[in-house]
Every structure is written in structure tokens, then in C-alpha cells.
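Read through the structure below, which is laid out as C-alpha cells, and then see the notes.
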Protein chains: 2
Amino acid sequence: MPEFDQIKQSIGKYINLTDDEFGRFTRCLERWVLKKKQVLLAEGEVCRHVFFVNRGCLRYFYAVDGEERIGQFFTENDWLTEYESFLTQRPATQTFEALEPVDLWALSYQNLQNLYSAIPKMERFGRLIAEQNFIGVKRRYSPLLNESPEERYLHLIKTRPGLLQRVPQHYLASFLGIKPESLSRIRKRLHQNR
Amino acid sequence: MPEFDQIKQSIGKYINLTDDEFGRFTRCLERWVLKKKQVLLAEGEVCRHVFFVNRGCLRYFYAVDGEERIGQFFTENDWLTEYESFLTQRPATQTFEALEPVDLWALSYQNLQNLYSAIPKMERFGRLIAEQNFIGVKRRYSPLLNESPEERYLHLIKTRPGLLQRVPQHYLASFLGIKPESLSRIRKRLHQNR
DNA sequence: CGCGACGTTGATTTGCCTCAACGATTGTGG
DNA sequence: CCACAATCGTTGAGGCAAATCAACGTCGCG
């Protein structure tokens, strides 16, 4: 099943499933396809799935007095969900949108709960994913609080160079917590001092 | 065992343990006591325990170019650990310190891993705690990014009024991500417009 | 071709920080 | 128990980095 290669490799980082167990897992998956600009999950809806990105790029954003702020980008082999809404089954505060044509695996809340019961190892997988998410959210927020805009931009260049080619600059600015004009000036400064 | 009442109640929010299982759990606990200003875990050390606060108040802080910033306060019935260091067993980036005489239960990394194996339900507890931590860290950081200093202060008053009586004002300022002078001015403004 | 979205640049504003000084309170050692 | 030092909260003056407001050229697309 080459279609499951990516997700198999991703899970393999956390737990080892037998072929039987992995088969049971994959039978819970649905294939979802999105066009560019299509919304995967809108603010106010309850998030009923976790997703695995086979192909494409998405963002999530939320509104702060009318203005939208980008929380995160997702690309190939990322796991993606509105975690708080998914865990509590209450309305999402964020909107997820495709920035390109997107190809996902979707695993429903109910199917995941069933897998937790049917395959005890999956409970561990859920814990490890939650732990990774915790570390991820801290690493995402920490620079926003403790580093200067310029440092954050330089860090972005180093750690996610692919994004610069892939998403508009004013989205990057929002992701970095600054205005497009400010990012433009930062880039200008950096090029001059080159 | 009245000494275990608090922690029993806290665990009961997540999973139901039999008396046998709970006994097995409590035999893994050590009692730790700290004096005021005593350090529970220093930056650079590996965090080898999770703690449950029976009594007292602690903070954790980290340094950003020489200046210390407070990340969180902990009080009675809170679970506490340097989660990233604990999960990865690598050096902590934060220091935990008692602000008052403190009384804790300590559960070691090894004992927790053993409990995960011995009591399958504990794996679920670990997952739920990790999920709660994820939600907690998002709720902690989100206002720092999306609200004004004044809004953050007002929010603190509403959600954790006890802290205002318990910790010095310049600690609160650091927790709110501002300078002591700024917090002083915010309070002055609010009292005038009262 | 014409429109809208995007990135850039300049001028100005603004909110918090920095620096400095000062009383009040705390706590500490003789 | 007192005297003195350190810590803490407050207030004022000035600075600064990013936001805001505005204008303009370019590019992509219908």
C-alpha cells in the first residue's frame, strides 16, 4: 500500500504496530482533498478529526479585534488538528485553510477513541503525540515572547526555509507576530548589512 | 491515609483507580519539603520527577539576556514538572523555586514508567495530563501575544486573585510580561478611572 | 486592459522601556 | 531591640522600536 507509506513512517517514530494492527488503523482513515483557499475547519465548528498531511500546505489563523493572526503552517508529513477543540469537543477558536491543493488522511474522534480501546499501544501513541504537541507549542511561542522580530525572522529562515518560497510575505509577517511593513524593513536592513 | 486525600482527589478527575492500584501508586511517592527560596530544580539539571503541590507556592523562571522572566506560579493541588526536560531527560531551561515553605509529593521518572507498564490505566492518565498541559500552555501564552498589558492584568485579577496577595508585585509584572514600573502605572490608571 | 493584492518606502505616532530619584517597608546583624 | 541596609513600589523624564497612516510601483489574473 504505497499510499500509506508516509503515515506508516510517521507512526513508526512513536510505536511499532504489527501489520494487522496497522491494517486496522488504516481502515479508520478517510482520504480528504482540498482546493486552494478551501477551509478545512472554521472557527466555531467542533473539530472532529485529526489529519495527516500527505501533500500541500495549510495555515491556521484566528481573529484579534478584526485582524487575523496566523498561528501555524502545516506541510507534508505534519499531523494537524485543532487540538483543544478536538480534545474537549467544543467549538474551535481557529480556522484552518488550504494555501495550496491539499491531500490529507482524516481520522475521526470516534475512530480514535475506538483504536485506543482496541489497540492498547495506541493509548501510548496518543500520549506521545500530546507530549510532542506540548513541546511544539512551547517552541512556537517562546521566541515570540523572548526574541526580537529580527531574531525571529532569522530563526525562521534557518529552521523552515521552505516556507519562504511557499507562502506570501505578509503571511510570514503575521506568523512572526509583526506587521508586513516591519518585515519588509527588517529584510531591507539585513540585505544592506550583508 | 488523609495525607493522600489531595492527590487522590486530583487523580480521580482523570481515572478511577482501585484501592490496590492507588496503593501501588502511593508507594511510588516521596515526600519533599522546601524552605522559602529553596530551589527545587535548577536550570541545567535534568528533571527526574513530577511533583504534586500539597502546600505552598512556587514559581519557575528562566533568563533572557541576564534578566529573569517568570513563566508560571504553582500552588496547592497543582501538578508541576519541567515537562520538556522530564520527557526528553535533557537539561532543564528553567529554574523552579519555592516562594514559601513548600510540601510536595515527588514521583520519579522511572517509577512513572513502571506505573505505565504495571497499571495500563496510568498510560491514559499520562495522556490526559499531557493533553491538559497542552491546553494549559496555550491558555498561558495566548494572552501574552494577543492582549494588552492592561487586559492581561485584569484577566489575572479575575482568574487568580489569590496570587495578588501571595507574591510580590514585581513578580506579577514579570509573569505578565511587563516591567514593574509599567504594572505600577497600569494599577494607578485603573484606580483613577474607578 | 484594468483591477486588486502585494511589497516597499516615508512620515508620524504610540506604548512600553530605560534611567533616575525617592519614600516606605522589610529584615538583619550587632 | 534598634539601626541600618536592602528590597520594593511609585513617580517623572526621555528614548526607542514597531505600529500606524499614507502613497506608490509592480505583478498576476480575470
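Here's how to read the names in the C-alpha cells: chain A, B, ... by the order shown, residue numbers from 1 in each chain, ligand numbers from 1 in the order shown.
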> Tell me, which residues of chain B carry DSSP helix (DSSP H, G or I), written as a VMD selection string?
Replying inline: chain B and resid 2 to 12 19 to 26 83 to 88 109 to 118 120 to 146 149 to 159 161 to 166 169 to 176 180 to 192
Fit chain B to chain A, using all C-alpha atoms paired in sequence order for the least-squares superposition, and then show me the result as a compact mmCIF listing (two decimals) with C-alpha atoms, in the first residue's frame.
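Below you can see result.txt, which holds the result:
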# COMPACT_ATOMS: atom_id res chain seq x y z
CA MET B 1 -0.05 0.01 -0.01
CA PRO B 2 2.24 2.84 -1.13
CA GLU B 3 -0.48 5.33 -0.28
CA PHE B 4 0.14 4.59 3.42
CA ASP B 5 3.92 4.82 3.29
CA GLN B 6 4.14 8.35 4.60
CA ILE B 7 1.80 7.87 7.53
CA LYS B 8 3.33 4.49 8.38
CA GLN B 9 6.74 6.06 8.63
CA SER B 10 5.39 8.86 10.82
CA ILE B 11 3.71 6.48 13.26
CA GLY B 12 6.77 4.28 13.30
CA LYS B 13 8.64 7.05 15.08
CA TYR B 14 6.43 6.52 18.12
CA ILE B 15 5.22 2.91 18.27
CA ASN B 16 5.66 -0.37 16.40
CA LEU B 17 2.42 -1.77 15.05
CA THR B 18 2.01 -5.26 13.59
CA ASP B 19 0.70 -5.44 10.02
CA ASP B 20 -2.63 -6.47 11.48
CA GLU B 21 -2.78 -3.51 13.81
CA PHE B 22 -1.68 -1.12 11.10
CA GLY B 23 -4.37 -2.52 8.83
CA ARG B 24 -6.96 -1.92 11.51
CA PHE B 25 -5.62 1.61 11.81
CA THR B 26 -5.68 2.42 8.11
CA ARG B 27 -9.26 1.16 7.79
CA CYS B 28 -10.19 4.07 10.07
CA LEU B 29 -8.71 6.64 7.69
CA GLU B 30 -10.57 8.70 5.13
CA ARG B 31 -8.93 10.51 2.24
CA TRP B 32 -9.72 14.23 2.11
CA VAL B 33 -8.80 16.59 -0.71
CA LEU B 34 -8.95 20.37 -0.60
CA LYS B 35 -8.66 23.03 -3.25
CA LYS B 36 -6.59 26.13 -2.70
CA LYS B 37 -8.26 28.53 -0.22
CA GLN B 38 -10.72 25.85 0.86
CA VAL B 39 -11.45 25.82 4.59
CA LEU B 40 -10.78 22.56 6.42
CA LEU B 41 -12.24 23.70 9.74
CA ALA B 42 -13.89 27.01 10.52
CA GLU B 43 -13.85 28.85 13.80
CA GLY B 44 -16.97 27.90 15.76
CA GLU B 45 -17.15 24.35 14.42
CA VAL B 46 -16.21 21.41 16.58
CA CYS B 47 -13.07 19.69 15.38
CA ARG B 48 -13.93 16.02 14.95
CA HIS B 49 -10.77 14.75 13.26
CA VAL B 50 -7.04 14.64 13.37
CA PHE B 51 -5.38 14.97 9.99
CA PHE B 52 -2.15 13.85 8.44
CA VAL B 53 -0.84 15.94 5.54
CA ASN B 54 0.16 13.86 2.54
CA ARG B 55 0.65 16.82 0.25
CA GLY B 56 0.14 20.58 0.25
CA CYS B 57 0.35 23.45 2.67
CA LEU B 58 -2.18 24.84 5.17
CA ARG B 59 -2.34 27.55 7.76
CA TYR B 60 -4.47 28.22 10.76
CA PHE B 61 -5.43 31.69 11.90
CA TYR B 62 -7.65 33.40 14.43
CA ALA B 63 -9.06 36.90 14.77
CA VAL B 64 -7.91 39.54 17.26
CA ASP B 65 -10.16 42.56 17.04
CA GLY B 66 -10.98 42.04 13.42
CA GLU B 67 -7.45 41.36 12.25
CA GLU B 68 -6.38 37.81 11.48
CA ARG B 69 -3.25 36.32 13.00
CA ILE B 70 -1.54 33.23 11.71
CA GLY B 71 -0.77 30.62 14.32
CA GLN B 72 0.93 27.92 12.32
CA PHE B 73 1.68 26.47 8.89
CA PHE B 74 1.46 22.76 8.08
CA THR B 75 3.13 20.88 5.26
CA GLU B 76 3.85 17.32 4.15
CA ASN B 77 4.03 14.70 6.93
CA ASP B 78 2.71 17.04 9.62
CA TRP B 79 -0.07 15.97 11.97
CA LEU B 80 -2.72 18.64 12.27
CA THR B 81 -5.78 19.25 14.40
CA GLU B 82 -7.44 21.96 16.44
CA TYR B 83 -6.22 20.12 19.46
CA GLU B 84 -8.16 21.94 22.15
CA SER B 85 -11.43 21.66 20.26
CA PHE B 86 -10.70 18.04 19.39
CA LEU B 87 -9.93 17.10 22.99
CA THR B 88 -12.84 18.92 24.55
CA GLN B 89 -15.25 18.56 21.60
CA ARG B 90 -16.12 22.22 21.94
CA PRO B 91 -16.12 24.94 19.23
CA ALA B 92 -12.80 25.75 17.63
CA THR B 93 -11.31 29.21 18.04
CA GLN B 94 -9.19 28.88 14.94
CA THR B 95 -9.76 28.43 11.22
CA PHE B 96 -7.72 26.02 9.10
CA GLU B 97 -7.35 26.80 5.42
CA ALA B 98 -5.51 25.28 2.47
CA LEU B 99 -2.90 27.53 0.89
CA GLU B 100 -2.41 25.06 -1.96
CA PRO B 101 -4.22 21.96 -3.20
CA VAL B 102 -4.09 19.64 -0.22
CA ASP B 103 -4.30 15.89 0.26
CA LEU B 104 -4.97 14.54 3.77
CA TRP B 105 -5.74 11.46 5.80
CA ALA B 106 -8.55 12.08 8.28
CA LEU B 107 -9.07 10.08 11.48
CA SER B 108 -12.29 10.77 13.36
CA TYR B 109 -12.56 11.38 17.09
CA GLN B 110 -14.74 8.32 17.50
CA ASN B 111 -12.44 6.08 15.51
CA LEU B 112 -9.48 7.27 17.55
CA GLN B 113 -11.26 6.52 20.82
CA ASN B 114 -12.08 3.06 19.45
CA LEU B 115 -8.47 2.53 18.48
CA TYR B 116 -7.37 3.52 21.97
CA SER B 117 -9.55 0.70 23.32
CA ALA B 118 -8.82 -1.89 20.63
CA ILE B 119 -5.07 -1.40 20.42
CA PRO B 120 -3.58 -0.54 23.83
CA LYS B 121 -0.39 0.62 22.16
CA MET B 122 -2.41 3.42 20.58
CA GLU B 123 -2.97 4.93 24.01
CA ARG B 124 0.78 5.34 24.19
CA PHE B 125 0.79 6.88 20.72
CA GLY B 126 -1.82 9.39 21.89
CA ARG B 127 0.27 10.25 24.90
CA LEU B 128 3.44 10.70 22.88
CA ILE B 129 1.64 12.87 20.34
CA ALA B 130 0.21 15.00 23.14
CA GLU B 131 3.67 15.32 24.65
CA GLN B 132 5.16 16.30 21.30
CA ASN B 133 2.41 18.85 20.84
CA PHE B 134 3.22 20.34 24.21
CA ILE B 135 6.88 20.71 23.31
CA GLY B 136 5.90 22.07 19.90
CA VAL B 137 3.64 24.77 21.24
CA LYS B 138 6.29 25.91 23.70
CA ARG B 139 8.89 26.11 20.95
CA ARG B 140 6.47 28.05 18.80
CA TYR B 141 5.53 30.62 21.43
CA SER B 142 8.79 31.06 23.25
CA PRO B 143 10.54 33.09 20.51
CA LEU B 144 7.48 35.27 20.11
CA LEU B 145 7.89 36.33 23.73
CA ASN B 146 11.62 36.27 24.19
CA GLU B 147 13.18 37.23 20.88
CA SER B 148 13.16 40.36 18.75
CA PRO B 149 11.32 40.41 15.42
CA GLU B 150 14.63 40.27 13.59
CA GLU B 151 15.83 37.27 15.58
CA ARG B 152 12.54 35.53 14.91
CA TYR B 153 12.89 36.13 11.19
CA LEU B 154 16.45 34.83 11.15
CA HIS B 155 15.31 31.79 13.10
CA LEU B 156 12.55 31.17 10.58
CA ILE B 157 15.00 31.31 7.71
CA LYS B 158 17.17 28.71 9.38
CA THR B 159 14.53 26.31 10.58
CA ARG B 160 11.90 26.48 7.85
CA PRO B 161 13.52 27.83 4.70
CA GLY B 162 10.94 26.08 2.55
CA LEU B 163 8.16 28.31 3.84
CA LEU B 164 9.75 31.44 2.38
CA GLN B 165 9.29 30.08 -1.13
CA ARG B 166 5.86 28.78 -0.42
CA VAL B 167 3.76 31.42 1.34
CA PRO B 168 3.25 35.17 0.78
CA GLN B 169 5.43 37.49 2.79
CA HIS B 170 2.59 39.14 4.67
CA TYR B 171 1.58 35.70 5.95
CA LEU B 172 5.09 35.19 7.24
CA ALA B 173 4.89 38.59 8.94
CA SER B 174 1.69 37.60 10.70
CA PHE B 175 3.25 34.29 11.71
CA LEU B 176 6.21 36.21 13.15
CA GLY B 177 3.88 38.50 15.09
CA ILE B 178 4.66 41.70 13.20
CA LYS B 179 3.19 43.88 10.44
CA PRO B 180 4.09 43.37 6.76
CA GLU B 181 5.77 46.78 6.66
CA SER B 182 7.99 45.83 9.56
CA LEU B 183 9.06 42.57 7.97
CA SER B 184 9.85 44.43 4.77
CA ARG B 185 12.08 46.83 6.70
CA ILE B 186 13.81 44.00 8.56
CA ARG B 187 14.64 42.31 5.27
CA LYS B 188 15.94 45.58 3.88
CA ARG B 189 18.19 46.11 6.92
CA LEU B 190 19.57 42.60 6.67
CA HIS B 191 20.36 42.92 2.97
CA GLN B 192 22.14 46.23 3.47
CA ASN B 193 24.35 44.89 6.27
CA ARG B 194 25.16 41.83 4.19
> Do you have the atom C1' of C:DC1-atom C1' of D:DG28 distance handy?
Replying inline: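 Distance between the two atoms: 13.1 Å.
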> Would you give me, as a PyMOL selection string, the residues in stretch 9-92 of chain B that DSSP reads as strand (DSSP E)?
Replying inline: chain B and resi 29-34+39-41+49-55+58-64+67-74+79-80
Include N, CA and C atoms and write out the residues we just selected as an mmCIF file, in the first residue's frame.
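Output file selection37.cif follows:
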data_model
loop_
_atom_site.group_PDB
_atom_site.id
_atom_site.type_symbol
_atom_site.label_atom_id
_atom_site.label_comp_id
_atom_site.auth_asym_id
_atom_site.auth_seq_id
_atom_site.Cartn_x
_atom_site.Cartn_y
_atom_site.Cartn_z
ATOM 1 N N LEU B 29 5.529 7.312 45.771
ATOM 2 C CA LEU B 29 5.678 8.744 46.086
ATOM 3 C C LEU B 29 6.686 8.971 47.194
ATOM 4 N N GLU B 30 7.420 10.082 47.068
ATOM 5 C CA GLU B 30 8.272 10.542 48.161
ATOM 6 C C GLU B 30 7.780 11.906 48.618
ATOM 7 N N ARG B 31 7.928 12.155 49.913
ATOM 8 C CA ARG B 31 7.542 13.465 50.430
ATOM 9 C C ARG B 31 8.759 14.388 50.367
ATOM 10 N N TRP B 32 8.574 15.560 49.761
ATOM 11 C CA TRP B 32 9.651 16.548 49.701
ATOM 12 C C TRP B 32 9.191 17.816 50.400
ATOM 13 N N VAL B 33 10.113 18.445 51.118
ATOM 14 C CA VAL B 33 9.792 19.692 51.811
ATOM 15 C C VAL B 33 10.842 20.730 51.439
ATOM 16 N N LEU B 34 10.401 21.921 51.158
ATOM 17 C CA LEU B 34 11.321 23.002 50.787
ATOM 18 C C LEU B 34 11.118 24.197 51.693
ATOM 19 N N VAL B 39 15.629 26.058 45.973
ATOM 20 C CA VAL B 39 15.445 25.703 44.568
ATOM 21 C C VAL B 39 15.076 24.229 44.440
ATOM 22 N N LEU B 40 13.991 23.954 43.761
ATOM 23 C CA LEU B 40 13.536 22.580 43.553
ATOM 24 C C LEU B 40 14.278 21.939 42.394
ATOM 25 N N LEU B 41 14.474 22.740 41.339
ATOM 26 C CA LEU B 41 15.164 22.247 40.139
ATOM 27 C C LEU B 41 15.851 23.444 39.499
ATOM 28 N N HIS B 49 11.569 14.126 38.053
ATOM 29 C CA HIS B 49 10.344 13.897 38.823
ATOM 30 C C HIS B 49 9.188 14.738 38.285
ATOM 31 N N VAL B 50 8.002 14.261 38.548
ATOM 32 C CA VAL B 50 6.843 15.145 38.548
ATOM 33 C C VAL B 50 6.459 15.358 40.006
ATOM 34 N N PHE B 51 5.904 16.530 40.280
ATOM 35 C CA PHE B 51 5.564 16.879 41.655
ATOM 36 C C PHE B 51 4.091 17.251 41.763
ATOM 37 N N PHE B 52 3.579 17.025 42.950
ATOM 38 C CA PHE B 52 2.220 17.452 43.265
ATOM 39 C C PHE B 52 2.317 18.343 44.495
ATOM 40 N N VAL B 53 1.747 19.533 44.412
ATOM 41 C CA VAL B 53 1.901 20.510 45.494
ATOM 42 C C VAL B 53 0.828 20.293 46.558
ATOM 43 N N ASN B 54 1.267 19.861 47.740
ATOM 44 C CA ASN B 54 0.329 19.753 48.859
ATOM 45 C C ASN B 54 0.087 21.106 49.514
ATOM 46 N N ARG B 55 1.170 21.885 49.607
ATOM 47 C CA ARG B 55 1.070 23.146 50.334
ATOM 48 C C ARG B 55 2.197 24.063 49.890
ATOM 49 N N LEU B 58 5.167 28.094 44.480
ATOM 50 C CA LEU B 58 6.447 28.091 43.763
ATOM 51 C C LEU B 58 6.320 28.894 42.484
ATOM 52 N N ARG B 59 7.468 29.227 41.938
ATOM 53 C CA ARG B 59 7.485 29.837 40.609
ATOM 54 C C ARG B 59 8.537 29.131 39.779
ATOM 55 N N TYR B 60 8.416 29.244 38.452
ATOM 56 C CA TYR B 60 9.586 28.912 37.651
ATOM 57 C C TYR B 60 9.964 30.125 36.825
ATOM 58 N N PHE B 61 11.234 30.254 36.540
ATOM 59 C CA PHE B 61 11.707 31.390 35.749
ATOM 60 C C PHE B 61 12.866 30.940 34.882
ATOM 61 N N TYR B 62 13.174 31.763 33.886
ATOM 62 C CA TYR B 62 14.297 31.492 33.002
ATOM 63 C C TYR B 62 14.939 32.827 32.667
ATOM 64 N N ALA B 63 16.137 32.793 32.132
ATOM 65 C CA ALA B 63 16.876 34.025 31.893
ATOM 66 C C ALA B 63 16.840 34.400 30.414
ATOM 67 N N VAL B 64 16.559 35.667 30.134
ATOM 68 C CA VAL B 64 16.677 36.208 28.781
ATOM 69 C C VAL B 64 17.612 37.400 28.867
ATOM 70 N N GLU B 67 18.298 38.866 32.357
ATOM 71 C CA GLU B 67 17.138 39.237 33.166
ATOM 72 C C GLU B 67 16.218 38.034 33.328
ATOM 73 N N GLU B 68 15.705 37.828 34.536
ATOM 74 C CA GLU B 68 14.867 36.636 34.720
ATOM 75 C C GLU B 68 13.397 36.919 34.427
ATOM 76 N N ARG B 69 12.762 35.955 33.795
ATOM 77 C CA ARG B 69 11.346 36.083 33.452
ATOM 78 C C ARG B 69 10.566 34.934 34.063
ATOM 79 N N ILE B 70 9.473 35.263 34.670
ATOM 80 C CA ILE B 70 8.676 34.250 35.357
ATOM 81 C C ILE B 70 7.700 33.612 34.391
ATOM 82 N N GLY B 71 7.758 32.291 34.323
ATOM 83 C CA GLY B 71 6.882 31.561 33.421
ATOM 84 C C GLY B 71 5.577 31.148 34.049
ATOM 85 N N GLN B 72 5.622 30.728 35.312
ATOM 86 C CA GLN B 72 4.395 30.248 35.931
ATOM 87 C C GLN B 72 4.534 30.192 37.452
ATOM 88 N N PHE B 73 3.385 30.305 38.118
ATOM 89 C CA PHE B 73 3.303 30.065 39.562
ATOM 90 C C PHE B 73 2.544 28.760 39.797
ATOM 91 N N PHE B 74 2.869 28.091 40.887
ATOM 92 C CA PHE B 74 2.175 26.856 41.264
ATOM 93 C C PHE B 74 1.747 26.948 42.717
ATOM 94 N N TRP B 79 -0.162 20.122 39.666
ATOM 95 C CA TRP B 79 0.919 19.250 39.226
ATOM 96 C C TRP B 79 2.002 20.111 38.617
ATOM 97 N N LEU B 80 3.247 19.720 38.783
ATOM 98 C CA LEU B 80 4.355 20.595 38.419
ATOM 99 C C LEU B 80 5.525 19.763 37.938
#
For the contact check between chain D and stretch 6-27 of chain C, emit one row per residue of chain D within 8 Å, containing the shortest atom pair and the distance in Å rounded to one decimal, counting only C-alpha atoms (C1' of nucleotides), chain then rising number order, as a Markdown table.
| residue | atom | partner | partner_atom | distance |
| --- | --- | --- | --- | --- |
| D:DT7 | C1' | C:DT26 | C1' | 7.4 |
| D:DC8 | C1' | C:DT25 | C1' | 7.6 |
| D:DG15 | C1' | C:DT18 | C1' | 7.6 |
| D:DA19 | C1' | C:DT14 | C1' | 7.7 |
| D:DT20 | C1' | C:DT13 | C1' | 7.1 |
Can those selected residues be exported to a file as an mmCIF file, in the first residue's frame so that it contains C-alpha atoms (C1' of nucleotides)?
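What follows is the written file selection_11.cif:
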data_model
loop_
_atom_site.group_PDB
_atom_site.id
_atom_site.type_symbol
_atom_site.label_atom_id
_atom_site.label_comp_id
_atom_site.auth_asym_id
_atom_site.auth_seq_id
_atom_site.Cartn_x
_atom_site.Cartn_y
_atom_site.Cartn_z
ATOM 1 C "C1'" DT D 7 14.216 45.432 48.691
ATOM 2 C "C1'" DC D 8 10.110 47.172 46.894
ATOM 3 C "C1'" DG D 15 14.114 57.291 24.342
ATOM 4 C "C1'" DA D 19 2.653 50.362 14.674
ATOM 5 C "C1'" DT D 20 0.026 53.390 12.048
#
> To one decimal place, how far is atom C1' of D:DA23 from atom C1' of C:DG2 in Å?
Replying inline: 19.9 Å
> Counting only C-alpha atoms (C1' of nucleotides), which residues from chain D have an atom at most 10 Å from any atom of chain B, and could you show them as a list in words?
Replying inline: DC8, DG9, DT10 and DT11 of chain D
